[in-house]
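Next comes final_16.txt, a file with compact mmCIF, C-alpha atoms and all ligand atoms.
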```
# COMPACT_ATOMS: atom_id res chain seq x y z
CA MET A 979 86.03 29.78 25.53
CA PHE A 980 87.21 31.51 22.36
CA LEU A 981 87.69 34.71 24.36
CA GLN A 982 89.78 32.86 26.94
CA ILE A 983 92.03 31.50 24.19
CA VAL A 984 92.39 34.97 22.74
CA THR A 985 93.29 36.24 26.20
CA LEU A 986 95.86 33.50 26.71
CA LEU A 987 97.51 34.29 23.42
CA ALA A 988 97.73 37.94 24.44
CA VAL A 989 97.09 38.85 20.84
CA LEU A 990 98.62 42.08 19.62
CA ALA A 991 96.36 44.56 17.93
CA ILE A 992 96.88 48.02 16.56
CA THR A 993 94.54 50.60 18.07
CA ASN A 994 94.95 54.30 17.38
CA GLY A 995 98.53 53.68 16.36
CA ALA A 996 99.35 52.08 19.72
CA VAL A 997 100.13 48.40 20.02
CA VAL A 998 97.81 46.90 22.59
CA PHE A 999 97.78 43.55 24.32
CA LEU A 1000 94.20 42.37 24.01
CA GLY A 1001 94.91 40.06 26.93
CA LEU A 1002 95.65 42.95 29.28
CA GLU A 1003 92.07 43.83 30.04
CA PRO A 1004 90.99 44.96 33.48
CA GLN A 1005 90.32 41.60 35.00
CA SER A 1006 86.75 42.24 36.03
CA SER A 1007 85.79 39.67 33.40
CA GLN A 1008 88.55 37.16 34.08
CA GLY A 1009 88.96 34.52 36.75
CA GLY A 1010 91.61 34.86 39.47
CA ARG A 1011 92.27 35.62 43.08
CA ILE A 1012 94.33 37.63 45.61
CA VAL A 1013 96.83 34.86 45.32
CA GLY A 1014 98.53 33.57 48.45
CA GLY A 1015 96.64 36.00 50.69
CA THR A 1016 96.56 36.28 54.49
CA VAL A 1017 93.49 37.49 56.44
CA THR A 1018 93.95 40.96 57.88
CA SER A 1019 91.94 43.10 60.29
CA ILE A 1020 90.70 46.53 59.26
CA GLU A 1021 92.68 48.07 62.17
CA ASP A 1022 95.83 47.03 60.33
CA ARG A 1023 94.59 48.59 57.06
CA PRO A 1024 92.15 51.29 58.17
CA TRP A 1025 92.54 53.22 54.88
CA GLN A 1026 91.15 50.32 52.83
CA VAL A 1027 87.59 50.63 51.54
CA SER A 1028 85.31 48.52 49.36
CA LEU A 1029 83.58 50.13 46.38
CA GLN A 1030 80.11 48.70 45.99
CA ARG A 1031 77.96 48.99 42.91
CA SER A 1032 74.26 48.25 43.19
CA GLY A 1033 74.99 46.58 46.53
CA ALA A 1034 77.94 44.40 45.54
CA HIS A 1035 81.70 44.82 46.03
CA PHE A 1036 83.52 45.36 42.73
CA CYS A 1037 86.71 47.33 43.47
CA GLY A 1038 88.89 48.59 46.29
CA GLY A 1039 89.90 52.10 47.26
CA SER A 1040 91.91 54.12 49.77
CA ILE A 1041 90.89 56.90 52.15
CA ILE A 1042 92.85 60.10 51.41
CA THR A 1043 90.79 62.55 53.49
CA ASN A 1044 87.59 62.19 55.52
CA ASN A 1045 85.52 62.60 52.35
CA ILE A 1046 87.83 61.64 49.47
CA ILE A 1047 88.62 58.12 48.21
CA VAL A 1048 91.28 57.28 45.65
CA THR A 1049 90.62 54.34 43.33
CA ALA A 1050 91.36 53.20 39.77
CA ALA A 1051 89.92 55.10 36.80
CA HIS A 1052 88.74 51.82 35.31
CA CYS A 1053 86.55 51.23 38.41
CA LEU A 1054 84.66 54.45 37.72
CA GLY A 1055 83.74 53.84 34.08
CA SER A 1056 80.35 52.56 32.93
CA PRO A 1057 78.27 51.02 34.51
CA THR A 1058 79.40 52.85 37.67
CA THR A 1059 77.30 55.95 38.40
CA VAL A 1060 77.17 58.40 41.31
CA SER A 1061 73.79 56.97 42.29
CA ASN A 1062 74.69 53.25 42.20
CA LEU A 1063 78.05 53.69 43.99
CA ARG A 1064 78.57 53.24 47.75
CA ILE A 1065 81.74 53.03 49.84
CA ARG A 1066 82.09 50.62 52.76
CA ALA A 1067 84.72 51.76 55.28
CA GLY A 1068 85.71 50.42 58.68
CA SER A 1069 85.08 46.73 58.06
CA ASN A 1070 87.22 43.83 56.86
CA LYS A 1071 84.02 42.17 55.60
CA ARG A 1072 82.83 43.15 52.18
CA THR A 1073 79.13 42.50 52.87
CA TYR A 1074 78.64 43.97 56.35
CA GLY A 1075 80.09 46.09 59.14
CA GLY A 1076 81.60 49.53 59.31
CA VAL A 1077 79.74 52.26 57.44
CA LEU A 1078 78.21 52.32 53.98
CA ILE A 1079 78.35 55.81 52.50
CA GLU A 1080 76.81 57.39 49.41
CA VAL A 1081 78.84 59.51 47.02
CA VAL A 1082 78.16 62.94 45.50
CA ALA A 1083 80.67 62.92 42.64
CA PHE A 1084 83.67 61.21 41.14
CA LYS A 1085 86.37 62.19 38.68
CA ILE A 1086 88.42 60.03 36.30
CA HIS A 1087 91.93 61.19 35.28
CA GLU A 1088 91.55 63.08 32.00
CA GLY A 1089 94.57 61.23 30.61
CA TYR A 1090 93.26 57.75 31.44
CA ASN A 1091 93.33 55.49 28.41
CA TYR A 1092 91.26 52.30 28.42
CA ASP A 1093 93.58 50.52 25.98
CA THR A 1094 96.97 51.40 27.47
CA LYS A 1095 95.80 51.83 31.12
CA VAL A 1096 97.95 54.94 31.57
CA ASN A 1097 96.80 57.28 34.37
CA ASP A 1098 94.49 54.62 35.85
CA ILE A 1099 93.40 56.75 38.81
CA GLY A 1100 90.30 58.57 39.97
CA VAL A 1101 88.81 60.23 43.05
CA VAL A 1102 85.42 59.86 44.71
CA ARG A 1103 83.78 62.48 46.95
CA LEU A 1104 81.62 61.06 49.76
CA LYS A 1105 78.21 62.46 50.72
CA SER A 1106 79.08 62.50 54.42
CA GLN A 1107 82.38 62.70 56.27
CA LEU A 1108 84.03 59.59 57.63
CA ALA A 1109 84.53 59.55 61.40
CA PHE A 1110 88.20 58.61 61.83
CA GLY A 1111 89.07 56.06 64.52
CA SER A 1112 90.97 52.78 64.87
CA THR A 1113 89.12 51.20 61.92
CA ILE A 1114 88.91 54.27 59.62
CA LYS A 1115 91.96 56.41 58.82
CA ALA A 1116 93.52 58.25 55.90
CA ILE A 1117 96.77 57.17 54.27
CA THR A 1118 99.44 59.56 52.99
CA MET A 1119 100.22 59.45 49.29
CA ALA A 1120 103.89 58.86 48.53
CA SER A 1121 105.65 61.77 46.83
CA ALA A 1122 108.64 59.68 45.71
CA THR A 1123 108.46 56.48 43.70
CA PRO A 1124 109.63 53.57 45.89
CA SER A 1125 112.84 51.99 44.67
CA HIS A 1126 113.17 48.60 43.04
CA GLY A 1127 113.11 45.87 45.66
CA SER A 1128 111.24 47.84 48.35
CA ALA A 1129 108.76 45.83 50.40
CA ALA A 1130 105.13 46.63 49.55
CA SER A 1131 101.83 45.00 50.40
CA VAL A 1132 98.52 44.95 48.56
CA SER A 1133 95.10 44.11 49.96
CA GLY A 1134 91.58 43.53 48.81
CA TRP A 1135 88.48 41.38 48.62
CA GLY A 1136 89.29 40.04 45.16
CA LYS A 1137 88.39 36.51 44.12
CA THR A 1138 89.98 33.67 46.07
CA SER A 1139 89.81 31.04 43.35
CA THR A 1140 89.69 31.16 39.60
CA GLY A 1141 86.12 31.75 38.57
CA GLY A 1142 85.13 31.76 42.25
CA SER A 1143 83.55 34.48 44.33
CA SER A 1144 85.22 37.44 46.04
CA SER A 1145 86.83 36.88 49.42
CA GLY A 1146 84.37 37.70 52.21
CA THR A 1147 87.24 38.87 54.43
CA LEU A 1148 90.01 41.33 53.57
CA LEU A 1149 93.23 39.63 52.44
CA TYR A 1150 96.72 40.99 51.84
CA VAL A 1151 99.97 39.79 50.31
CA ASP A 1152 103.53 41.00 50.78
CA THR A 1153 105.31 41.76 47.52
CA LYS A 1154 108.38 43.64 46.33
CA ILE A 1155 108.43 46.67 44.07
CA VAL A 1156 109.64 45.98 40.55
CA GLY A 1157 110.93 49.30 39.23
CA ARG A 1158 109.45 50.62 36.01
CA THR A 1159 112.64 50.05 34.04
CA GLN A 1160 112.98 46.48 35.30
CA CYS A 1161 109.26 45.83 34.77
CA ALA A 1162 109.50 47.00 31.14
CA SER A 1163 112.70 45.00 30.53
CA SER A 1164 112.96 41.60 28.89
CA ILE A 1165 113.06 39.94 32.34
CA TYR A 1166 109.25 40.19 32.19
CA GLY A 1167 106.70 39.95 29.43
CA TYR A 1168 105.18 43.43 29.35
CA GLY A 1169 107.81 45.48 27.50
CA SER A 1170 106.65 48.93 26.45
CA PHE A 1171 103.19 48.47 27.95
CA ILE A 1172 104.79 49.68 31.18
CA GLN A 1173 104.41 53.45 31.05
CA PRO A 1174 105.73 56.21 33.38
CA THR A 1175 102.49 56.40 35.35
CA MET A 1176 102.82 52.70 36.23
CA ILE A 1177 104.79 50.75 38.81
CA CYS A 1178 104.97 47.00 39.30
CA ALA A 1179 105.10 44.67 42.30
CA ALA A 1180 105.62 40.93 42.45
CA ALA A 1181 106.19 37.94 44.72
CA THR A 1182 106.27 34.25 43.93
CA ASN A 1183 102.69 32.94 43.77
CA LYS A 1184 101.33 36.13 45.33
CA ASP A 1185 99.49 38.93 43.56
CA ALA A 1186 96.42 41.08 43.42
CA CYS A 1187 93.67 39.91 41.10
CA GLU A 1188 90.13 40.45 39.90
CA GLY A 1189 88.14 42.59 42.33
CA ASP A 1190 91.26 44.09 43.94
CA SER A 1191 91.48 46.93 41.42
CA GLY A 1192 91.51 50.43 42.83
CA GLY A 1193 92.89 49.14 46.11
CA PRO A 1194 96.09 50.13 47.90
CA LEU A 1195 99.69 49.09 47.36
CA VAL A 1196 101.44 50.32 50.49
CA SER A 1197 105.15 50.72 51.16
CA GLY A 1198 106.77 52.41 54.15
CA GLY A 1199 103.31 53.27 55.49
CA GLN A 1200 102.45 55.30 52.39
CA LEU A 1201 100.19 54.72 49.42
CA VAL A 1202 102.54 54.00 46.51
CA GLY A 1203 100.21 52.28 44.05
CA VAL A 1204 96.63 51.69 42.99
CA VAL A 1205 95.80 48.17 41.73
CA SER A 1206 95.42 48.56 37.96
CA TRP A 1207 96.07 45.53 35.74
CA GLY A 1208 98.08 42.40 35.07
CA ARG A 1209 98.27 39.42 32.80
CA GLU A 1210 96.20 36.88 34.71
CA CYS A 1211 97.43 36.76 38.33
CA ALA A 1212 100.72 35.71 39.95
CA LEU A 1213 102.22 34.55 36.65
CA ALA A 1214 106.00 34.39 37.14
CA ASN A 1215 106.86 36.68 34.22
CA TYR A 1216 104.02 39.14 34.74
CA PRO A 1217 104.07 41.30 37.91
CA GLY A 1218 100.99 43.11 39.14
CA VAL A 1219 100.83 46.58 37.58
CA TYR A 1220 99.78 49.61 39.60
CA ALA A 1221 99.10 53.28 38.96
CA ASN A 1222 102.20 55.03 40.34
CA VAL A 1223 100.86 57.31 43.08
CA ALA A 1224 104.01 59.45 43.33
CA GLU A 1225 103.59 60.32 39.64
CA LEU A 1226 99.86 60.96 39.95
CA ARG A 1227 99.79 62.64 43.36
CA ASP A 1228 99.61 66.19 42.00
CA TRP A 1229 96.61 65.24 39.90
CA VAL A 1230 94.88 63.76 42.97
CA LEU A 1231 95.59 66.86 45.08
CA GLN A 1232 94.06 69.04 42.37
CA ALA A 1233 91.14 66.70 41.63
CA GLN A 1234 90.12 66.37 45.28
CA LYS A 1235 89.49 70.13 45.35
CA THR A 1236 87.40 70.20 42.20
CA VAL A 1237 85.49 66.91 42.20
N1 LIG B 1 91.99 45.02 36.89
C1 LIG B 1 91.76 44.12 37.98
C2 LIG B 1 90.46 44.48 38.69
O1 LIG B 1 89.62 45.10 38.08
C3 LIG B 1 92.95 44.00 38.88
C4 LIG B 1 94.03 43.29 38.20
C5 LIG B 1 95.23 43.12 39.01
N2 LIG B 1 95.92 42.01 38.46
C6 LIG B 1 97.10 41.57 38.87
N3 LIG B 1 97.59 40.51 38.30
N4 LIG B 1 97.74 42.18 39.83
O2 LIG B 1 90.19 44.05 39.79
```
Will you turn the file into structure tokens for me?
Ligand code: ARG
Amino acid sequence: MFLQIVTLLAVLAITNGAVVFLGLEPQSSQGGRIVGGTVTSIEDRPWQVSLQRSGAHFCGGSIITNNIIVTAAHCLGSPTTVSNLRIRAGSNKRTYGGVLIEVVAFKIHEGYNYDTKVNDIGVVRLKSQLAFGSTIKAITMASATPSHGSAASVSGWGKTSTGGSSSGTLLYVDTKIVGRTQCASSIYGYGSFIQPTMICAAATNKDACEGDSGGPLVSGGQLVGVVSWGRECALANYPGVYANVAELRDWVLQAQKTV
């Protein structure tokens, strides 16, 4: 209860010289939901995967090649290990269907910072290659940041009610890109927490939420964002914040060779 109040107050603290919103934690410990979501089939989002730890869904991810998954750095921190991590691809159900594949390695962006969430991206190498087909496909990473106002959609198995359980079926919401400058402006509540490696997306009463992290924000058929953080979910003055794929693409291309 006390923690929730602290979160609501979004208390400012000074950590390593940087001002940090204590309320802007990855929401794995907060209630929430993919707000306003619509059920989607995996054929419509064949690049979407579920990251499973010790048998349970905990984050999303996107297929980049037949053995590389892109996700959020904060999904790959402790307690995630190479041996407890599996990837489910080819199913819009988080508990069954498609294929469940082991991993051989993963890599977190060296510049990822837990407090500021900058560079919240990582790659996972699968033990066996995915067989591409109508339910399993790679998505191209955007090389240019989408402009303010572009249509973008985000999907995942995140929670469907505050404090509830994850959605059993894949959901998506349509949102619009909020450019970095706009997202950091006084129109919204984040200010300087919005860094160059981040991009925002928002829609009234629609957002990603807990359990959607690592998953894809797609615009123009390309991967433009990775679900990263937000203040609660679908709050009017607080868009969803994403790792900006166009900014981090070069890192991913390098990391997928060395992971
Ligand atoms: N960090 C969250 C997770 O681990 C995702 C938060 C996204 N929040 C939002 N309001 N868009 O699942």
*Kindly compile the residues surrounding ligand LIG 1 (chain B) within 7 Å, counting all atoms listed in the file, and format them as a PyMOL selection string.*
chain A and resi 1003-1006+1037+1053+1136+1185-1191+1205-1212+1217-1219
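Here CA of Arg1158 (chain A) is placed at a distance of 23.8 Å from CA of Gly1014 (chain A).
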_Measuring between all atoms listed in the file, which one of A:Ile1047, A:Val1237, A:Cys1161, A:Ile1041 shows the shortest distance to Phe1084 (chain A)?_
A:Val1237
*Which residue of A:Ile1114, A:Leu1104, A:Leu1149, A:Ala1233 approaches Lys1071 (chain A) most closely, using only C-alpha atoms*: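 That would be A:Leu1149, the residue with the smallest distance to Lys1071 (chain A).
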*Which distance in Å separates CA of Thr1153 (chain A) and CA of Ser1131 (chain A), to one decimal?*
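Computing it gives 5.6 Å between the two atoms.
The residue that comes closest to Pro1057 (chain A), out of A:Ser1125, A:Glu1080, A:Thr1159, A:Arg1031 and on the basis of only C-alpha atoms, is A:Arg1031.
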*Between CA of Val1156 (chain A) and CA of Ile1086 (chain A), what is the spacing in Å?*
25.8 Å
*For Thr1049 (chain A), which of A:Gln1026, A:Thr1094, A:Ser1144, A:Thr1113 is the closest residue, counting only C-alpha atoms?*
A:Gln1026
*Tell me which of A:Trp1135, A:Tyr1168, A:Tyr1150, A:Phe1110 sits closest to Leu1195 (chain A), counting all atoms listed in the file.*
A:Tyr1150
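Comparing the minimum interatomic distances between Arg1066 (chain A) and each of A:Ile1117, A:Gln1030, A:Asp1098, A:Lys1137, counting only C-alpha atoms, we find that A:Gln1030 sits nearest.
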Once you add 6 Å to each side, what are the centre and edge lengths of the axis-aligned box holding all listed atoms of region 1112-1127 of chain A? One decimal in Å, as JSON, if you can.
```
{"center_x": 101.0, "center_y": 53.8, "center_z": 54.0, "size_x": 36.3, "size_y": 27.9, "size_z": 33.8}
```
